[in-house]
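Right, one structure below, let's go through it.
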Amino acid sequence: PLSLVMCDLDYFKNCNDRYGHCVGDLMLVQFAQILKKEASHAVVARYGGEEFAVLLPEMARKESLELAEKIRKAVEDYSFEVRRERISMTISAGVASLPEDTLEMEDLIQKADEALYAAKRSGRNRVC
């Protein structure tokens, strides 16, 4: 098995607009640290903007969903501190797995991305 979790900070543009891009960059660094801690066995990469990919070799869909939920909860519970101000942040995440969701490696990113957008459409701060 192989799973992919696509994570995206919710309403990140609002953060950049309110606090500036330097603060947004600090929040991305703090988010990456949470990912590194919660998914220490995974390959974590910034995918673009405020989106991160978490590649989970030898992890089936059920366990990947559980890990994505653990990450979501860790971000929700974390107080991002910027300029001595605490800022709450949430993420949406989409999970796709081989072989449960697709048998084609090329489709894995598309399936995870579709699940991420389903999480966003469902109200954000959730895993699909």
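Each chain in the structure tokens gets a letter, A, B and so on, in the order shown; residues start at 1 in every chain, and ligands are counted from 1 in the order they appear.
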
Which segment 1-51 of chain A residues have any atom within 8 Å of an atom of segment 67-77 of chain A, and for each, what is the nearest pair of atoms with distance in Å to one decimal, counting only C-alpha atoms, rows sorted by chain and number, as a Markdown table?
| residue | atom | partner | partner_atom | distance |
| --- | --- | --- | --- | --- |
| A:Val5 | CA | A:Ala68 | CA | 6.8 |
| A:Phe31 | CA | A:Val75 | CA | 7.3 |
| A:Ile34 | CA | A:Val75 | CA | 7.2 |
| A:Leu35 | CA | A:Ile71 | CA | 6.8 |
| A:Glu38 | CA | A:Ile71 | CA | 6.2 |
| A:Ala39 | CA | A:Leu67 | CA | 7.5 |

key: 10 Å contact set for Leu28 of chain A, only C-alpha atoms, chain neighbours under 6 positions out, as a PyMOL selection string   = chain A and resi 9+12+22+34+46+49-52

May I have the selected residues written with all heavy atoms, as a CSV table (one decimal), in the first residue's frame?
chain,number,residue,atom,x,y,z
A,9,LEU,N,-3.8,24.8,4.4
A,9,LEU,CA,-4.2,25.7,5.5
A,9,LEU,C,-5.5,26.4,5.1
A,9,LEU,O,-5.5,27.0,4.0
A,9,LEU,CB,-3.1,26.7,5.9
A,9,LEU,CG,-1.9,26.1,6.6
A,9,LEU,CD1,-0.7,27.1,6.5
A,9,LEU,CD2,-2.2,25.7,8.0
A,12,PHE,N,-5.9,30.7,4.5
A,12,PHE,CA,-4.5,31.2,4.6
A,12,PHE,C,-4.3,32.6,4.0
A,12,PHE,O,-3.6,33.5,4.5
A,12,PHE,CB,-3.5,30.3,4.0
A,12,PHE,CG,-2.1,30.6,4.2
A,12,PHE,CD1,-1.5,30.6,5.5
A,12,PHE,CD2,-1.3,31.0,3.2
A,12,PHE,CE1,-0.2,30.9,5.7
A,12,PHE,CE2,0.1,31.4,3.4
A,12,PHE,CZ,0.6,31.3,4.6
A,22,CYS,N,5.3,37.8,5.6
A,22,CYS,CA,6.4,37.3,6.5
A,22,CYS,C,5.7,36.5,7.6
A,22,CYS,O,6.3,35.4,8.0
A,22,CYS,CB,7.2,38.5,7.1
A,22,CYS,SG,8.2,39.3,5.9
A,34,ILE,N,4.8,20.8,12.7
A,34,ILE,CA,3.8,19.9,13.1
A,34,ILE,C,3.7,18.6,12.3
A,34,ILE,O,3.6,17.5,12.8
A,34,ILE,CB,2.4,20.6,13.2
A,34,ILE,CG1,2.3,21.7,14.2
A,34,ILE,CG2,1.3,19.6,13.4
A,34,ILE,CD1,1.1,22.6,14.2
A,46,ARG,N,6.4,20.6,0.7
A,46,ARG,CA,5.5,21.6,0.3
A,46,ARG,C,5.2,21.4,-1.1
A,46,ARG,O,6.0,21.3,-2.0
A,46,ARG,CB,6.2,23.0,0.5
A,46,ARG,CG,5.3,24.2,0.3
A,46,ARG,CD,5.9,25.4,0.8
A,46,ARG,NE,5.1,26.6,0.5
A,46,ARG,CZ,5.5,27.8,0.6
A,46,ARG,NH1,6.8,28.1,1.0
A,46,ARG,NH2,4.7,28.8,0.4
A,49,GLY,N,2.2,26.9,-2.6
A,49,GLY,CA,1.5,27.9,-1.7
A,49,GLY,C,1.4,27.4,-0.3
A,49,GLY,O,2.4,27.2,0.3
A,50,GLU,N,0.2,27.2,0.2
A,50,GLU,CA,0.0,26.7,1.6
A,50,GLU,C,-0.4,25.2,1.6
A,50,GLU,O,-0.9,24.7,2.6
A,50,GLU,CB,-1.0,27.5,2.3
A,50,GLU,CG,-2.4,27.4,1.8
A,50,GLU,CD,-2.8,28.2,0.6
A,50,GLU,OE1,-1.9,28.9,0.0
A,50,GLU,OE2,-4.0,28.3,0.3
A,51,GLU,N,-0.1,24.5,0.5
A,51,GLU,CA,-0.4,23.1,0.4
A,51,GLU,C,0.8,22.2,0.6
A,51,GLU,O,1.9,22.5,0.1
A,51,GLU,CB,-1.0,22.8,-1.0
A,51,GLU,CG,-1.7,21.5,-1.1
A,51,GLU,CD,-2.6,21.4,-2.4
A,51,GLU,OE1,-2.7,22.4,-3.2
A,51,GLU,OE2,-3.1,20.3,-2.6
A,52,PHE,N,0.6,21.1,1.4
A,52,PHE,CA,1.7,20.2,1.7
A,52,PHE,C,1.2,18.8,1.3
A,52,PHE,O,0.0,18.5,1.4
A,52,PHE,CB,2.0,20.2,3.1
A,52,PHE,CG,2.8,21.4,3.6
A,52,PHE,CD1,2.2,22.6,3.7
A,52,PHE,CD2,4.2,21.3,3.8
A,52,PHE,CE1,2.9,23.8,4.1
A,52,PHE,CE2,4.9,22.4,4.1
A,52,PHE,CZ,4.3,23.7,4.3

inquiry  = Could you go through chain A and tell me which residues DSSP, when run on the backbone, assigns to alpha helix (DSSP H), listing them as a PyMOL selection string?
reply    = chain A and resi 12-19+21-38+61-77+105-121

task = Give me the residues within 12 Å of Tyr47 of chain A as a ChimeraX atom specification, counting only C-alpha atoms and dropping any in the same chain fewer than 6 places off.
result = /A:4-8,28,32,53-55,109,113

Write a file of the selected residues as a short mmCIF file (atom, residue, chain, number, x, y, z; two decimals), in the first residue's frame, keeping all heavy atoms.
data_model
loop_
_atom_site.label_atom_id
_atom_site.label_comp_id
_atom_site.auth_asym_id
_atom_site.auth_seq_id
_atom_site.Cartn_x
_atom_site.Cartn_y
_atom_site.Cartn_z
N LEU A 4 -1.34 9.00 0.15
CA LEU A 4 -0.95 10.39 0.01
C LEU A 4 -1.99 11.25 0.72
O LEU A 4 -3.19 11.08 0.50
CB LEU A 4 -0.88 10.78 -1.46
CG LEU A 4 -0.58 12.23 -1.78
CD1 LEU A 4 0.81 12.64 -1.28
CD2 LEU A 4 -0.71 12.48 -3.28
N VAL A 5 -1.51 12.15 1.57
CA VAL A 5 -2.38 13.12 2.22
C VAL A 5 -2.00 14.49 1.69
O VAL A 5 -0.83 14.89 1.75
CB VAL A 5 -2.20 13.10 3.76
CG1 VAL A 5 -3.10 14.14 4.42
CG2 VAL A 5 -2.47 11.72 4.32
N MET A 6 -2.97 15.19 1.14
CA MET A 6 -2.77 16.56 0.70
C MET A 6 -3.41 17.45 1.77
O MET A 6 -4.59 17.29 2.09
CB MET A 6 -3.41 16.82 -0.65
CG MET A 6 -2.83 15.99 -1.78
SD MET A 6 -1.10 16.32 -2.12
CE MET A 6 -1.25 17.80 -3.08
N CYS A 7 -2.61 18.38 2.33
CA CYS A 7 -3.07 19.26 3.40
C CYS A 7 -2.99 20.71 2.93
O CYS A 7 -2.03 21.09 2.26
CB CYS A 7 -2.18 19.14 4.64
SG CYS A 7 -2.01 17.50 5.32
N ASP A 8 -3.97 21.50 3.33
CA ASP A 8 -4.01 22.89 2.93
C ASP A 8 -4.49 23.71 4.12
O ASP A 8 -5.48 23.36 4.76
CB ASP A 8 -4.99 23.03 1.76
CG ASP A 8 -4.95 24.39 1.11
OD1 ASP A 8 -4.07 24.60 0.26
OD2 ASP A 8 -5.80 25.23 1.45
N LEU A 28 3.68 28.88 7.95
CA LEU A 28 4.00 27.71 7.14
C LEU A 28 5.11 26.89 7.77
O LEU A 28 5.06 25.65 7.78
CB LEU A 28 4.39 28.12 5.72
CG LEU A 28 3.27 28.68 4.84
CD1 LEU A 28 3.83 29.23 3.55
CD2 LEU A 28 2.22 27.62 4.57
N ALA A 32 4.78 23.10 9.06
CA ALA A 32 5.72 22.05 8.62
C ALA A 32 6.31 21.32 9.82
O ALA A 32 6.52 20.10 9.76
CB ALA A 32 6.82 22.66 7.76
N ALA A 53 2.17 18.00 0.81
CA ALA A 53 1.93 16.60 0.48
C ALA A 53 2.64 15.73 1.52
O ALA A 53 3.79 16.00 1.86
CB ALA A 53 2.46 16.28 -0.92
N VAL A 54 1.93 14.72 1.99
CA VAL A 54 2.49 13.78 2.96
C VAL A 54 2.39 12.39 2.33
O VAL A 54 1.29 11.85 2.18
CB VAL A 54 1.73 13.83 4.30
CG1 VAL A 54 2.35 12.86 5.31
CG2 VAL A 54 1.70 15.25 4.86
N LEU A 55 3.51 11.85 1.92
CA LEU A 55 3.56 10.55 1.26
C LEU A 55 3.82 9.48 2.31
O LEU A 55 4.79 9.58 3.08
CB LEU A 55 4.65 10.53 0.20
CG LEU A 55 4.69 9.33 -0.74
CD1 LEU A 55 3.40 9.22 -1.54
CD2 LEU A 55 5.88 9.43 -1.66
N ILE A 109 -2.26 11.58 -6.93
CA ILE A 109 -2.29 13.00 -6.58
C ILE A 109 -3.65 13.59 -6.90
O ILE A 109 -4.22 14.34 -6.09
CB ILE A 109 -1.18 13.78 -7.33
CG1 ILE A 109 0.20 13.32 -6.82
CG2 ILE A 109 -1.34 15.29 -7.15
CD1 ILE A 109 1.37 13.89 -7.60
N ASP A 113 -6.11 15.24 -4.18
CA ASP A 113 -6.51 16.63 -4.38
C ASP A 113 -8.04 16.76 -4.43
O ASP A 113 -8.60 17.70 -3.86
CB ASP A 113 -5.88 17.15 -5.67
CG ASP A 113 -5.53 18.61 -5.59
OD1 ASP A 113 -5.13 19.08 -4.50
OD2 ASP A 113 -5.65 19.30 -6.62
#

Computed interatomic separation between atom CA of Gly123 of chain A and atom CA of Glu81 of chain A (Å) =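 Atom CA of Glu81 of chain A lies 24.7 Å from atom CA of Gly123 of chain A.
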
request  = Using only C-alpha atoms, pick whichever of A:Val23, A:Leu108, A:Pro1, A:Ser122 has the shortest atom-to-atom distance to Leu56 of chain A.
outcome  = A:Pro1

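Proximity to Ser3 of chain A was assessed for A:Lys111, A:Arg84, A:Lys36, A:His21 counting only C-alpha atoms; the smallest distance is recorded for A:Lys111.
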
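For the pair atom CA of Gln30 of chain A and atom CA of Leu65 of chain A, the separation is 21.9 Å.
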
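Residue nearest Ala96 of chain A within the list A:Ser40, A:Ser64, A:Asn16, A:Asn125: A:Ser64 [criterion: smallest interatomic distance, only C-alpha atoms].
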
Long-range neighbours of Ala60 of chain A as a PyMOL selection string, 9 Å cut-off, only C-alpha atoms, 6 positions minimum in chain = chain A and resi 1-3+97-100

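Each of A:Tyr11, A:His41, A:Ala112, A:Lys120 was checked against Arg61 of chain A using only C-alpha atoms; the smallest atom-to-atom distance is that of A:Ala112.
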
task = Within chain A, find each residue whose DSSP state, derived from the backbone, is strand (DSSP E), and express the selection as a PyMOL selection string.
result = chain A and resi 2-9+43-48+51-57+80-82+85-87+91-98

inquiry  = With distances taken over only C-alpha atoms, which residue among A:Ala119, A:Ala45, A:Val82, A:Lys62 lies nearest Asp101 of chain A?
reply    =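 Smallest distance to Asp101 of chain A is found for A:Lys62.
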